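*Asks:* I am sharing model_18.cif, which consists of mmCIF, C-alpha atoms, pLDDT in the B column; chains and numbers go by the auth columns:
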data_coords
loop_
_atom_site.group_PDB
_atom_site.id
_atom_site.type_symbol
_atom_site.label_atom_id
_atom_site.label_comp_id
_atom_site.label_asym_id
_atom_site.label_seq_id
_atom_site.Cartn_x
_atom_site.Cartn_y
_atom_site.Cartn_z
_atom_site.B_iso_or_equiv
_atom_site.auth_seq_id
_atom_site.auth_asym_id
ATOM 1 C CA MET A 1 -84.070 -62.744 -2.908 46.00 1 A
ATOM 2 C CA LYS A 2 -82.973 -59.338 -1.712 56.00 2 A
ATOM 3 C CA GLY A 3 -83.575 -56.609 -4.266 63.00 3 A
ATOM 4 C CA THR A 4 -85.656 -58.710 -6.645 74.00 4 A
ATOM 5 C CA SER A 5 -88.736 -56.479 -6.334 76.00 5 A
ATOM 6 C CA ASP A 6 -86.584 -53.384 -6.920 75.00 6 A
ATOM 7 C CA GLN A 7 -85.089 -55.042 -9.977 79.00 7 A
ATOM 8 C CA ALA A 8 -88.536 -56.016 -11.266 79.00 8 A
ATOM 9 C CA VAL A 9 -89.787 -52.427 -10.932 78.00 9 A
ATOM 10 C CA SER A 10 -86.640 -51.112 -12.612 76.00 10 A
ATOM 11 C CA ASP A 11 -87.001 -53.576 -15.490 76.00 11 A
ATOM 12 C CA TYR A 12 -90.682 -52.689 -15.884 75.00 12 A
ATOM 13 C CA LEU A 13 -89.935 -48.947 -16.053 73.00 13 A
ATOM 14 C CA ASP A 14 -87.055 -49.505 -18.466 71.00 14 A
ATOM 15 C CA ASN A 15 -89.277 -51.528 -20.782 70.00 15 A
ATOM 16 C CA LEU A 16 -92.070 -48.985 -20.452 65.00 16 A
ATOM 17 C CA PHE A 17 -89.882 -46.050 -21.438 65.00 17 A
ATOM 18 C CA PHE A 18 -87.838 -47.858 -24.072 65.00 18 A
ATOM 19 C CA ASP A 19 -90.951 -48.925 -25.943 59.00 19 A
ATOM 20 C CA ASP A 20 -91.792 -45.295 -26.659 59.00 20 A
ATOM 21 C CA TYR A 21 -89.424 -43.542 -28.952 62.00 21 A
ATOM 22 C CA LEU A 22 -89.156 -40.024 -30.247 61.00 22 A
ATOM 23 C CA PRO A 23 -89.961 -39.326 -33.867 66.00 23 A
ATOM 24 C CA PRO A 24 -86.985 -38.663 -36.117 69.00 24 A
ATOM 25 C CA ILE A 25 -85.871 -35.056 -36.438 69.00 25 A
ATOM 26 C CA ALA A 26 -86.520 -33.683 -39.909 72.00 26 A
ATOM 27 C CA GLN A 27 -83.761 -31.092 -39.871 73.00 27 A
ATOM 28 C CA VAL A 28 -81.062 -30.299 -37.344 69.00 28 A
ATOM 29 C CA ALA A 29 -80.555 -26.584 -36.873 73.00 29 A
ATOM 30 C CA GLN A 30 -76.991 -25.478 -37.349 75.00 30 A
ATOM 31 C CA TYR A 31 -75.357 -23.964 -34.266 67.00 31 A
ATOM 32 C CA THR A 32 -73.344 -20.842 -34.876 71.00 32 A
ATOM 33 C CA PRO A 33 -71.438 -19.459 -31.897 66.00 33 A
ATOM 34 C CA CYS A 34 -71.603 -15.736 -31.318 68.00 34 A
ATOM 35 C CA ASP A 35 -68.849 -14.001 -29.372 68.00 35 A
ATOM 36 C CA THR A 36 -69.931 -10.407 -29.880 68.00 36 A
ATOM 37 C CA VAL A 37 -72.525 -8.224 -28.237 64.00 37 A
ATOM 38 C CA ASN A 38 -75.624 -7.490 -30.241 67.00 38 A
ATOM 39 C CA MET A 39 -75.351 -3.790 -31.084 68.00 39 A
ATOM 40 C CA SER A 40 -79.089 -3.253 -30.682 73.00 40 A
ATOM 41 C CA CYS A 41 -78.771 -4.152 -26.986 70.00 41 A
ATOM 42 C CA ARG A 42 -77.463 -1.959 -24.220 71.00 42 A
ATOM 43 C CA LEU A 43 -75.333 -3.102 -21.308 67.00 43 A
ATOM 44 C CA GLN A 44 -76.189 -1.514 -18.002 69.00 44 A
ATOM 45 C CA ILE A 45 -74.143 -1.530 -14.826 69.00 45 A
ATOM 46 C CA CYS A 46 -75.928 -3.177 -11.926 70.00 46 A
ATOM 47 C CA ASP A 47 -75.129 -2.553 -8.254 66.00 47 A
ATOM 48 C CA ASP A 48 -76.385 -4.865 -5.547 74.00 48 A
ATOM 49 C CA ALA A 49 -77.541 -2.392 -2.921 75.00 49 A
ATOM 50 C CA PHE A 50 -78.167 -5.115 -0.372 73.00 50 A
ATOM 51 C CA LYS A 51 -74.605 -6.431 -0.788 76.00 51 A
ATOM 52 C CA LEU A 52 -73.222 -2.926 -0.256 76.00 52 A
ATOM 53 C CA MET A 53 -74.634 -2.896 3.267 74.00 53 A
ATOM 54 C CA SER A 54 -72.203 -5.588 4.368 76.00 54 A
ATOM 55 C CA MET A 55 -69.165 -4.204 2.523 77.00 55 A
ATOM 56 C CA ASN A 56 -66.703 -2.164 4.551 77.00 56 A
ATOM 57 C CA ASN A 57 -64.642 -0.653 1.742 80.00 57 A
ATOM 58 C CA ALA A 58 -67.288 0.387 -0.798 79.00 58 A
ATOM 59 C CA PRO A 59 -66.668 3.767 -2.471 82.00 59 A
ATOM 60 C CA ALA A 60 -68.902 6.596 -1.282 81.00 60 A
ATOM 61 C CA ALA A 61 -70.121 7.329 -4.823 83.00 61 A
ATOM 62 C CA THR A 62 -71.302 3.738 -5.217 82.00 62 A
ATOM 63 C CA ILE A 63 -73.131 3.865 -1.898 83.00 63 A
ATOM 64 C CA TRP A 64 -74.862 7.136 -2.843 85.00 64 A
ATOM 65 C CA HIS A 65 -75.863 5.664 -6.208 84.00 65 A
ATOM 66 C CA ALA A 66 -77.328 2.587 -4.495 84.00 66 A
ATOM 67 C CA PHE A 67 -79.106 4.828 -1.982 86.00 67 A
ATOM 68 C CA ILE A 68 -80.825 6.736 -4.781 88.00 68 A
ATOM 69 C CA GLN A 69 -81.754 3.476 -6.513 86.00 69 A
ATOM 70 C CA MET A 70 -83.261 2.175 -3.266 86.00 70 A
ATOM 71 C CA LEU A 71 -85.328 5.334 -2.886 90.00 71 A
ATOM 72 C CA LEU A 72 -86.614 5.007 -6.439 91.00 72 A
ATOM 73 C CA LEU A 73 -87.400 1.341 -5.870 88.00 73 A
ATOM 74 C CA GLY A 74 -89.225 2.059 -2.617 90.00 74 A
ATOM 75 C CA ASN A 75 -91.215 4.833 -4.235 91.00 75 A
ATOM 76 C CA SER A 76 -92.383 2.518 -7.021 91.00 76 A
ATOM 77 C CA LEU A 77 -93.649 -0.207 -4.652 90.00 77 A
ATOM 78 C CA PRO A 78 -97.226 -0.342 -3.341 91.00 78 A
ATOM 79 C CA PRO A 79 -97.712 0.061 0.410 91.00 79 A
ATOM 80 C CA SER A 80 -96.486 -3.202 1.928 90.00 80 A
ATOM 81 C CA GLN A 81 -93.938 -4.734 4.261 91.00 81 A
ATOM 82 C CA LEU A 82 -91.530 -4.916 1.340 90.00 82 A
ATOM 83 C CA LYS A 83 -91.778 -1.152 0.830 90.00 83 A
ATOM 84 C CA ASN A 84 -91.090 -0.585 4.533 91.00 84 A
ATOM 85 C CA TYR A 85 -88.109 -2.932 4.343 89.00 85 A
ATOM 86 C CA VAL A 86 -86.655 -1.152 1.319 89.00 86 A
ATOM 87 C CA PHE A 87 -86.939 2.231 3.038 91.00 87 A
ATOM 88 C CA LYS A 88 -85.320 0.883 6.214 90.00 88 A
ATOM 89 C CA GLN A 89 -82.467 -0.506 4.173 87.00 89 A
ATOM 90 C CA SER A 90 -82.095 2.814 2.365 87.00 90 A
ATOM 91 C CA GLN A 91 -81.667 4.426 5.801 89.00 91 A
ATOM 92 C CA VAL A 92 -78.858 1.972 6.491 85.00 92 A
ATOM 93 C CA LEU A 93 -77.213 2.968 3.212 84.00 93 A
ATOM 94 C CA TYR A 94 -77.679 6.654 4.017 85.00 94 A
ATOM 95 C CA SER A 95 -75.943 6.312 7.374 85.00 95 A
ATOM 96 C CA LYS A 96 -73.179 4.230 5.759 81.00 96 A
ATOM 97 C CA ALA A 97 -72.704 6.912 3.099 80.00 97 A
ATOM 98 C CA GLN A 98 -72.468 9.583 5.792 79.00 98 A
ATOM 99 C CA VAL A 99 -69.744 7.617 7.580 77.00 99 A
ATOM 100 C CA ASN A 100 -67.778 6.852 4.395 67.00 100 A
ATOM 101 C CA SER A 101 -67.902 10.378 2.948 65.00 101 A
ATOM 102 C CA GLY A 102 -66.999 12.232 6.146 61.00 102 A
#
Show me this structure written as structure tokens.

*Replies:*
Amino acid sequence: MKGTSDQAVSDYLDNLFFDDYLPPIAQVAQYTPCDTVNMSCRLQICDDAFKLMSMNNAPAATIWHAFIQMLLLGNSLPPSQLKNYVFKQSQVLYSKAQVNSG
């Protein structure tokens, strides 16, 4: 008798879902693979400033670039704990850039 109620529920759900069917598809869209970049789009390099804080061998130019991006990000945020956090992290990047460039 073990498992008979589980089997009954499973059978009920199977019958419930199998009774409903999807309507037939009128037309199947043809898939065409695309292996090129759309020329109207622009690729942009993205640095993870928060990841740079834990890296020991990051180039100084990359750290300075991330520092400037963090300042711009912090300046665009409304007054909040997030803004304070971003500015504190930019100070970490600034000190890291000072150590790496000198």

*Asks:* Written as a ChimeraX atom specification, what is the full residue list that the PyMOL selection byres ((chain A and resi 50-59) around 8) yields on the file shown?

*Replies:* /A:48-49,60-63,89,92-93,96,100

*Asks:* Put those residues in a file: C-alpha atoms, as an mmCIF file, keeping the file's coordinate frame.

*Replies:*
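selection-v8.cif was written with the following content:
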data_model
loop_
_atom_site.group_PDB
_atom_site.id
_atom_site.type_symbol
_atom_site.label_atom_id
_atom_site.label_comp_id
_atom_site.auth_asym_id
_atom_site.auth_seq_id
_atom_site.Cartn_x
_atom_site.Cartn_y
_atom_site.Cartn_z
ATOM 1 C CA ASP A 48 -76.385 -4.865 -5.547
ATOM 2 C CA ALA A 49 -77.541 -2.392 -2.921
ATOM 3 C CA ALA A 60 -68.902 6.596 -1.282
ATOM 4 C CA ALA A 61 -70.121 7.329 -4.823
ATOM 5 C CA THR A 62 -71.302 3.738 -5.217
ATOM 6 C CA ILE A 63 -73.131 3.865 -1.898
ATOM 7 C CA GLN A 89 -82.467 -0.506 4.173
ATOM 8 C CA VAL A 92 -78.858 1.972 6.491
ATOM 9 C CA LEU A 93 -77.213 2.968 3.212
ATOM 10 C CA LYS A 96 -73.179 4.230 5.759
ATOM 11 C CA ASN A 100 -67.778 6.852 4.395
#

*Asks:* Name all residues at most 12 Å from Asn84 (chain A) (count all atoms listed in the file; drop same-chain ones fewer than 6 positions away) and give them as number ranges by chain.

*Replies:* A: 70-71, 73-75, 77-78, 90-91

*Asks:* Please report the interatomic distance between CA of Phe87 (chain A) and CA of Trp64 (chain A) in Å with one decimal.

*Replies:*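 Those two atoms sit 14.3 Å apart.
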
*Asks:* What does the distance from CA of Phe67 (chain A) to CA of Ser80 (chain A) come to in Å, to one decimal?

*Replies:*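 Taking CA of Phe67 (chain A) and CA of Ser80 (chain A), their separation equals 19.5 Å.
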
*Asks:* Mind pulling up the distance from CA of Val99 (chain A) to CA of Tyr85 (chain A)?

*Replies:*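 CA of Tyr85 (chain A) sits 21.4 Å away from CA of Val99 (chain A).
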